[in-house]
There are 4 protein chains.
Amino acid sequence: MYKRKIINDPVYGLIEIPYGIVFEVIEHPYFQRLRRVKQLGLSHYVYPGATHTRFEHVLGAMHLMTLAVASLRGKGVEISDDEELGVVLAILLHDVGHGPFSHTLERQFVEGSSHEVFTLLIMRELNVHFGGKLATCIAIFENRYPKKFLHQLVSSQLDMDRLDYLGRDSFYTGVSEGVVGADRIIKMLTLHNDQLAVEAKGIYSIENFLISRRLMYWQVYLHKTVLVSEKLLTHIVHRAKALVQSGRMLFATPALNFFLSRNFSALDVLNSDDSDGITDLVRNFAAIDDTDILSAIKVWASDEDRVLSFLSGALINRRFFRIEIQEHPFDEERVANLRIEWATKLGVDVDLAKYLVFTGSVSNHAYSIKSDQINILYKDGREVDVSKASDMFNISVLSRNVKKYYLSEPKL
Amino acid sequence: MYKRKIINDPVYGLIEIPYGIVFEVIEHPYFQRLRRVKQLGLSHYVYPGATHTRFEHVLGAMHLMTLAVASLRGKGVEISDDEELGVVLAILLHDVGHGPFSHTLERQFVEGSSHEVFTLLIMRELNVHFGGKLATCIAIFENRYPKKFLHQLVSSQLDMDRLDYLGRDSFYTGVSEGVVGADRIIKMLTLHNDQLAVEAKGIYSIENFLISRRLMYWQVYLHKTVLVSEKLLTHIVHRAKALVQSGRMLFATPALNFFLSRNFSALDVLNSDDSDGITDLVRNFAAIDDTDILSAIKVWASDEDRVLSFLSGALINRRFFRIEIQEHPFDEERVANLRIEWATKLGVDVDLAKYLVFTGSVSNHAYSIKSDQINILYKDGREVDVSKASDMFNISVLSRNVKKYYLSEPKL
Amino acid sequence: MYKRKIINDPVYGLIEIPYGIVFEVIEHPYFQRLRRVKQLGLSHYVYPGATHTRFEHVLGAMHLMTLAVASLRGKGVEISDDEELGVVLAILLHDVGHGPFSHTLERQFVEGSSHEVFTLLIMRELNVHFGGKLATCIAIFENRYPKKFLHQLVSSQLDMDRLDYLGRDSFYTGVSEGVVGADRIIKMLTLHNDQLAVEAKGIYSIENFLISRRLMYWQVYLHKTVLVSEKLLTHIVHRAKALVQSGRMLFATPALNFFLSRNFSALDVLNSDDSDGITDLVRNFAAIDDTDILSAIKVWASDEDRVLSFLSGALINRRFFRIEIQEHPFDEERVANLRIEWATKLGVDVDLAKYLVFTGSVSNHAYSIKSDQINILYKDGREVDVSKASDMFNISVLSRNVKKYYLSEPKL
Amino acid sequence: MYKRKIINDPVYGLIEIPYGIVFEVIEHPYFQRLRRVKQLGLSHYVYPGATHTRFEHVLGAMHLMTLAVASLRGKGVEISDDEELGVVLAILLHDVGHGPFSHTLERQFVEGSSHEVFTLLIMRELNVHFGGKLATCIAIFENRYPKKFLHQLVSSQLDMDRLDYLGRDSFYTGVSEGVVGADRIIKMLTLHNDQLAVEAKGIYSIENFLISRRLMYWQVYLHKTVLVSEKLLTHIVHRAKALVQSGRMLFATPALNFFLSRNFSALDVLNSDDSDGITDLVRNFAAIDDTDILSAIKVWASDEDRVLSFLSGALINRRFFRIEIQEHPFDEERVANLRIEWATKLGVDVDLAKYLVFTGSVSNHAYSIKSDQINILYKDGREVDVSKASDMFNISVLSRNVKKYYLSEPKL
């Protein structure tokens, strides 16, 4: 008898998890760690409901994947049981390399790298642990698997990852306009030349999906208060690393201390495979989550280092910095003057004022014509990129990279 | 003590109706008639849940209006109690002139006219009935009231009518992507030079609103099956009028018979004011609703007239016609040939084949730059049309009139 | 390739209808008629959103049935494809014999009978039409099929009918407390000795289901305003029948006239099988729906018969009668006096005053210990009736028949 | 102009927070700390969506309080502006004394005491900080304020606390049957003899509320897996205290260490007022939250103490203990034997096996006849306790204290 565990998901209702390898992967400590990593980093400072975790997100994405597989099979697409298992495991594990606060800190832990190097590293270790059962999963994840659409279901402009996170983040932030018709889009998915495509009648849902995604970006992910809180967090960790690496002892869990006291590159991580280092690196990574950072920051708020304590107190007690947004870069002289001003106020070296007064830019385009396209498939067999098929958008507008500049300084 | 009746609305939860004139207007038979007029005509043939009525819609729009008035007042906008009452009554009555099946048949009952002439006629009669208490309401409705924003709340590109119907139609059709953040948009409304404007941070909600509206148009209001069913309905009534006016007796309620046997122009209606005709016209109009039409059509499905019975049977039993959509007009010769073919099949005169084989076009633009603009108000006091303020749209795309042509013929 | 039509349901999202016999049954005019029969009769007078139809309800119940079949199969219960088809068709057709306004008028059309005799009659006719493909369906519906649990899924205290209508009615009335966890209950269903049972951990959901059902009864189905409006409707039809059968010609569609001018018993209906009568009876029944009644009542509101016009006007314009509720029968003398008073006021014979002043009772019990029980199945194999298993209820409380008496008279 | 900050709440939509003292209290670090305290402790181990915090809950309860005040005022109940502010602040602060993981650990931090002693202590300190502006709030909270119904709105069997948490917990766990019609219940609230009462027509909502509460208790709050995880957490902290107080140094934040190394009684807390101790006690309490505990437990999972590391590893990696539930106490001998068995397996002293093998009981009654009653107010002025007014319940059933016993031991 085919048994499944049933889990309650506020977004989709009851979700089924098949027993066997999928269930065992979920029970593994590396996976359970995702329970302690917030999906949206610090967005809950603006949207108090957004305390949901990576753990929930990947379960939701797994649920959508099973729907997509069933729908495609219903249309005659051949997907073997092994391929189904592979693509389900791939979506389940695609975020397993996320560090504390998801995207916010990823470059603080491994220079110049994204969470995906850790994902791959952990997948490989789990593959060993589970006796090679993740081989297809890894091939799909790395896009080495012959049926390319399986990779597209995991990672493309219309993958199950996005379908879940847009809907879920919309649900938990309460930004109801962000709602995406995931079930409708999934039913409209089809295959054309081994690539995912969307049936013609689904075009309005796709337009809506692209607009919702844009709305969520500007309203939530790049919300200026979220942005400034994430910058604070980054500066705190950056400052802590500097202090530790210059010899200070800071309160930290051993795993956090491991990362504060070392600098890694993505190459270090990927080459750690056959060295002794691997054990240490993965073990420490697997031990670190949001709570290590937050519990340390609360202690650091009373640290003797004026910069570290100032930033830490600001983050914990939500005394966020002022932020100014404009469409062109800020005047460098103004920034320099502000830094002098704040260095004086806080009595710190002017070199350190970059932690307090900082500028930068954020950008987003709703649709990328360079990455995997979203193709609309007409009944007559024509396949057209959505940016051309839509009578609403035109490609130049849609793929325009919107860039905004910000300047931030403490309040008061 | 200020008493209010509480009504359950599936969309907004509990709605409050103040006792007094508002309550009395709702209790009037002219208003109660809206319970028997479906909001979306025949859309329930495609979206079975869409059986909601004009009655619900106007109560919902009234609810949003009270929220809008409260929010504007909270921002310091002066709205007197009489003005509040006027604008609430205006939104409550703005659809009272809708005939059976809302928009579908309006031109069949009064040539070249919309439901608004009846709305005005009925408002005036109610004003007499209620001793002049609707004076402000009518002035606002006719845009004669000095504070122009009150009219805009009732009728503009961002009025309470649209905010309610988009959300409500989305709810009842189950097209979840159509969800509009009505409460958020209302909180973002402000006043600038006595015109409604939207605070700058509301721009993403407005973009989403425009896209949702577009989606609802193509996915619901202009859905090809809905379209073809509405054409069938129009042809049925048209054919019945022709038969009645040529002397046939058709089964019909007296009120329906009144309209089948006469041709009115909008001018006739508006000039009926002081003649004896008014009583008859309004009385008959107030007596007619969806049920007169449907009960007659069921009888007509067995009528001796081959065209009337064929169309009526098709509508009642949902044997809809085939419809073809394309982006340019259909070839006239092809249409002529099809008509000959179908006239032969059904054994009717070829002149009557226009009821069976027909072409036409539908069009929609998401945003009109000609009518009342939606203005975005920046903190520095600049006011910019949304089509220019948005970095997403550009005006040429946004206001582009999308036109589609269709050709329809019976199945089989 | 297994094709399915997808339909939008506001309650469950996307519903799939398999092509083939299921789809053909839905397309049949007898089934399409359900689009014109409101699920909740006149409840929309109190809950304006409750305009949903029998058509939606049976599609929803069909959806739950497919979930239940899939869940039971997943637990090892054997259900053949033919049995699945049978049970799906049975739930789809279980309400096909509902006349106008669902339950309200059923005894006016066929004396002493419920809609089920028509359901069976129509099922049989459809079985002939579809070449015997409904044989299993009918056997299940009539509880002649060996696997008794299939009938229980269609008709029992925990059938898919109830699970759908409670949730759906709760959704459309906006009575959010009525929400039933249909998906959870379905996943908890299991089989024990060929009877449906509920796994022990589902007991709280069952308790909640019984309480929700009770709440919906008193808050919606037996709401006093709904009750009085349904009594008005019954009296109108009763009076119209009396007039027609005494020789008056009343405005009515032919089908309505057919039923007004004749009295049927359930036996007449069931025995009409092999006579000529059947064609007429089923044909007329299949032609009648809410619109026949409403369009006639609007005309009757101006009828010369004082009782008919008074009642009809009251219903159409929602000038409902006053209703008084108490826990014991009303004093007969008081009723007699009120009747005399109202007969005088309206200038009608005192014999007719029973249409204007009337008493009666309503009753409901949350759970019947006499009909099919809801059994809770423990892990140790014990099976206990929910009324005994629950530590909340005790059987005497739960199955207590709550009876309330009402007295109604016109207002003013 | 009356300005309000708008916050998105997934449960209620947009919530308004008035600027001024209410806003300042929310911005205070003591209040912000609630962002780091999960509302449902470890329930997210069973219901992954339940990661919401005390912060959200109190904002939601504040929102309901403003609705309740407005509704009561609309019925003529006099509530002054100062009283409104007081009751709003009281509900906002009623949970400010919750320690890490809400209820789970409260007895570990202060012996024999609930979170309310800290709540009061912090309210008093905030009152000093805000120059006495919390005087009315504290009087209401302590039930010293003359208008007793204000206290009832904050704390009674039908207070805004319960209305919010039942609805919110139902939302985030996805246990949809737990939905409570908070808005409807609030509109039904009225006053009788200065006590809150519920209008008679609200009785079905109250019944549903009591049943929902019961369902949430057994399905969520006392779910056996939640229970066992909370016991693990309690044992971990208990063991850590024992170790620290016997001289071991354990990894911990300074604030956590403060509580691990000392034993407080409720009396100590309340008497700390005028001593020097207060500063330390409140300061440390205000510094501690879920993250201190979790980050420490992750480190303790590798501790040399076999009991501490075993329990810590089990909690972090969700290797929960087996739990057995029955309706009578467990056999003592069996428990003793199990303890010997597990002490041997883990190689620890048998005295420590109580951490590994443990029994206990949980109980819940749906309604307490001893505490504040919920009174139903009839139109004739009679006021009846809901347990007597309901024809559903009888008091003996309703207030029956359901007790269940459990026995727990490690798996494997």
# chains A, B, ... in the order shown; residues from 1 in each chain; ligands from 1
>>> select_by_dssp(residues="region 159-403 of chain D", states="helix (DSSP H, G or I)", output="JSON, numbers by chain")
{"D": [160, 161, 162, 163, 164, 165, 166, 167, 168, 169, 170, 171, 172, 173, 176, 177, 178, 182, 183, 184, 185, 186, 187, 188, 200, 201, 202, 203, 204, 205, 206, 207, 208, 209, 210, 211, 212, 213, 214, 215, 216, 217, 218, 219, 220, 221, 224, 225, 226, 227, 228, 229, 230, 231, 232, 233, 234, 235, 236, 237, 238, 239, 240, 241, 242, 243, 244, 245, 254, 255, 256, 257, 258, 259, 260, 266, 267, 268, 269, 270, 271, 272, 273, 274, 277, 278, 279, 280, 281, 282, 283, 284, 285, 286, 287, 290, 291, 292, 293, 294, 295, 296, 297, 298, 299, 300, 306, 307, 308, 309, 310, 311, 312, 313, 314, 315, 316, 332, 333, 334, 335, 336, 337, 338, 339, 340, 341, 342, 343, 344, 345, 346, 350, 351, 352, 353, 354, 355, 386, 387, 388, 389, 395, 396, 397, 398]}
>>> closest_atom_pairs(of="chain B", to="chain C", cutoff="9 Å", atoms="only C-alpha atoms", output="tab-separated table")
residue	atom	partner	partner_atom	distance
B:Ile7	CA	C:Tyr47	CA	7.2
B:Asn8	CA	C:Gly174	CA	5.7
B:Asp9	CA	C:Gly174	CA	5.7
B:Pro10	CA	C:Gly174	CA	4.1
B:Val11	CA	C:Gly174	CA	7.7
B:Tyr12	CA	C:Gly174	CA	8.8
B:Gly13	CA	C:Gly174	CA	6.5
B:Leu14	CA	C:Gly174	CA	8.4
B:Glu27	CA	C:Arg318	CA	7.6
B:His28	CA	C:Asn317	CA	7.5
B:Pro29	CA	C:Asn317	CA	5.1
B:Tyr30	CA	C:Asn317	CA	8.6
B:Gln32	CA	C:Asn317	CA	6.3
B:Arg33	CA	C:Asn317	CA	7.7
B:Arg35	CA	C:Pro48	CA	8.1
B:His44	CA	C:Arg35	CA	8.7
B:Tyr45	CA	C:Arg35	CA	8.5
B:Val46	CA	C:Ile7	CA	7.9
B:Tyr47	CA	C:Asn8	CA	6.1
B:Pro48	CA	C:Glu56	CA	6.1
B:Gly49	CA	C:Pro10	CA	6.3
B:Ala50	CA	C:His52	CA	8.1
B:Thr51	CA	C:Thr51	CA	6.0
B:His52	CA	C:Thr51	CA	6.1
B:Thr53	CA	C:Thr51	CA	7.9
B:Phe55	CA	C:Pro48	CA	7.7
B:Glu56	CA	C:Pro48	CA	6.1
B:Ser170	CA	C:Pro10	CA	9.0
B:Phe171	CA	C:Pro10	CA	6.7
B:Tyr172	CA	C:Pro10	CA	5.9
B:Thr173	CA	C:Pro10	CA	6.2
B:Gly174	CA	C:Pro10	CA	4.1
B:Val175	CA	C:Asn8	CA	7.4
B:Ser176	CA	C:Pro10	CA	8.5
B:Phe251	CA	C:Thr253	CA	7.9
B:Ala252	CA	C:Thr253	CA	8.8
B:Thr253	CA	C:Val299	CA	7.0
B:Pro254	CA	C:Val299	CA	7.5
B:Ala255	CA	C:Val299	CA	8.7
B:Ala287	CA	C:Lys298	CA	7.3
B:Ile288	CA	C:Ser295	CA	8.7
B:Asp289	CA	C:Ser295	CA	8.5
B:Asp290	CA	C:Thr291	CA	8.1
B:Thr291	CA	C:Thr291	CA	4.7
B:Asp292	CA	C:Ser295	CA	5.3
B:Ile293	CA	C:Thr291	CA	8.7
B:Leu294	CA	C:Thr291	CA	6.5
B:Ser295	CA	C:Asp292	CA	5.3
B:Ala296	CA	C:Thr253	CA	7.7
B:Lys298	CA	C:Ala287	CA	7.3
B:Val299	CA	C:Thr253	CA	7.0
B:Ile316	CA	C:Pro29	CA	7.9
B:Asn317	CA	C:Pro29	CA	5.1
B:Arg318	CA	C:Gln32	CA	7.4
B:Arg319	CA	C:Glu27	CA	8.4
>>> residues_around(residues="His63 (chain A)", least_positions_apart="6", cutoff="9 Å", atoms="only C-alpha atoms", output="NGL selection string")
:A and (12 or 15-17 or 88 or 160)
>>> residues_around(residues="Val228 (chain A)", least_positions_apart="2", cutoff="9 Å", atoms="only C-alpha atoms", output="CSV table (one decimal) with C-alpha atoms, in the first residue's frame")
chain,number,residue,atom,x,y,z
A,223,HIS,CA,11.0,47.6,0.1
A,224,LYS,CA,13.2,50.4,1.3
A,225,THR,CA,12.8,49.5,5.0
A,226,VAL,CA,13.6,45.9,4.3
A,230,GLU,CA,19.3,44.0,5.4
A,231,LYS,CA,22.2,46.4,4.8
A,232,LEU,CA,22.4,46.8,8.6
A,233,LEU,CA,22.6,43.0,9.0
A,320,PHE,CA,16.3,51.7,11.4
A,321,PHE,CA,18.3,54.2,9.4
A,322,ARG,CA,16.8,56.9,7.2
A,323,ILE,CA,16.8,55.9,3.5
A,408,SER,CA,21.1,55.7,4.1
>>> atom_distance(atom1="CA of Ser212 (chain C)", atom2="CA of Asn208 (chain D)")
7.1 Å
>>> atom_distance(atom1="CA of Lys75 (chain A)", atom2="CA of Ile186 (chain A)")
11.9 Å
>>> select_by_dssp(residues="region 76-227 of chain A", states="strand (DSSP E)", output="list in words")
Val110, Glu111, Leu189, Thr190, Leu191, His192, Gln195, Leu196, Ala197, Val198 and Glu199 of chain A
>>> residues_around(residues="Ile340 (chain D)", least_positions_apart="4", cutoff="10 Å", atoms="only C-alpha atoms", output="PyMOL selection string")
chain D and resi 335-336+344-345+348-354+357
>>> write_last_selection(atoms="C-alpha atoms", output="PDB file, in the first residue's frame")
ATOM      1  CA  VAL D 335       7.634   3.453  34.010  1.00  0.00           C
ATOM      2  CA  ALA D 336      10.328   2.447  36.492  1.00  0.00           C
ATOM      3  CA  THR D 344      21.377   1.516  30.708  1.00  0.00           C
ATOM      4  CA  LYS D 345      21.097   2.177  26.977  1.00  0.00           C
ATOM      5  CA  VAL D 348      23.542   7.476  32.466  1.00  0.00           C
ATOM      6  CA  ASP D 349      22.599   7.302  36.088  1.00  0.00           C
ATOM      7  CA  VAL D 350      19.106   5.949  36.609  1.00  0.00           C
ATOM      8  CA  ASP D 351      18.186   9.121  38.499  1.00  0.00           C
ATOM      9  CA  LEU D 352      18.560  11.011  35.245  1.00  0.00           C
ATOM     10  CA  ALA D 353      16.244   8.701  33.324  1.00  0.00           C
ATOM     11  CA  LYS D 354      13.288  10.865  34.324  1.00  0.00           C
ATOM     12  CA  VAL D 357      11.069   8.471  30.182  1.00  0.00           C
TER      13      VAL D 357
END
>>> residues_around(residues="Val282 (chain D)", least_positions_apart="2", cutoff="10 Å", atoms="only C-alpha atoms", output="list of chain:residue names")
D:Tyr30, D:Gly97, D:Phe118, D:Leu121, D:Ile122, D:Glu125, D:Val269, D:Ser272, D:Gly277, D:Ile278, D:Thr279, D:Asp280, D:Asn284, D:Phe285, D:Ala286, D:Ala287
>>> atom_distance(atom1="CA of Thr66 (chain A)", atom2="CA of Val87 (chain A)")
9.1 Å
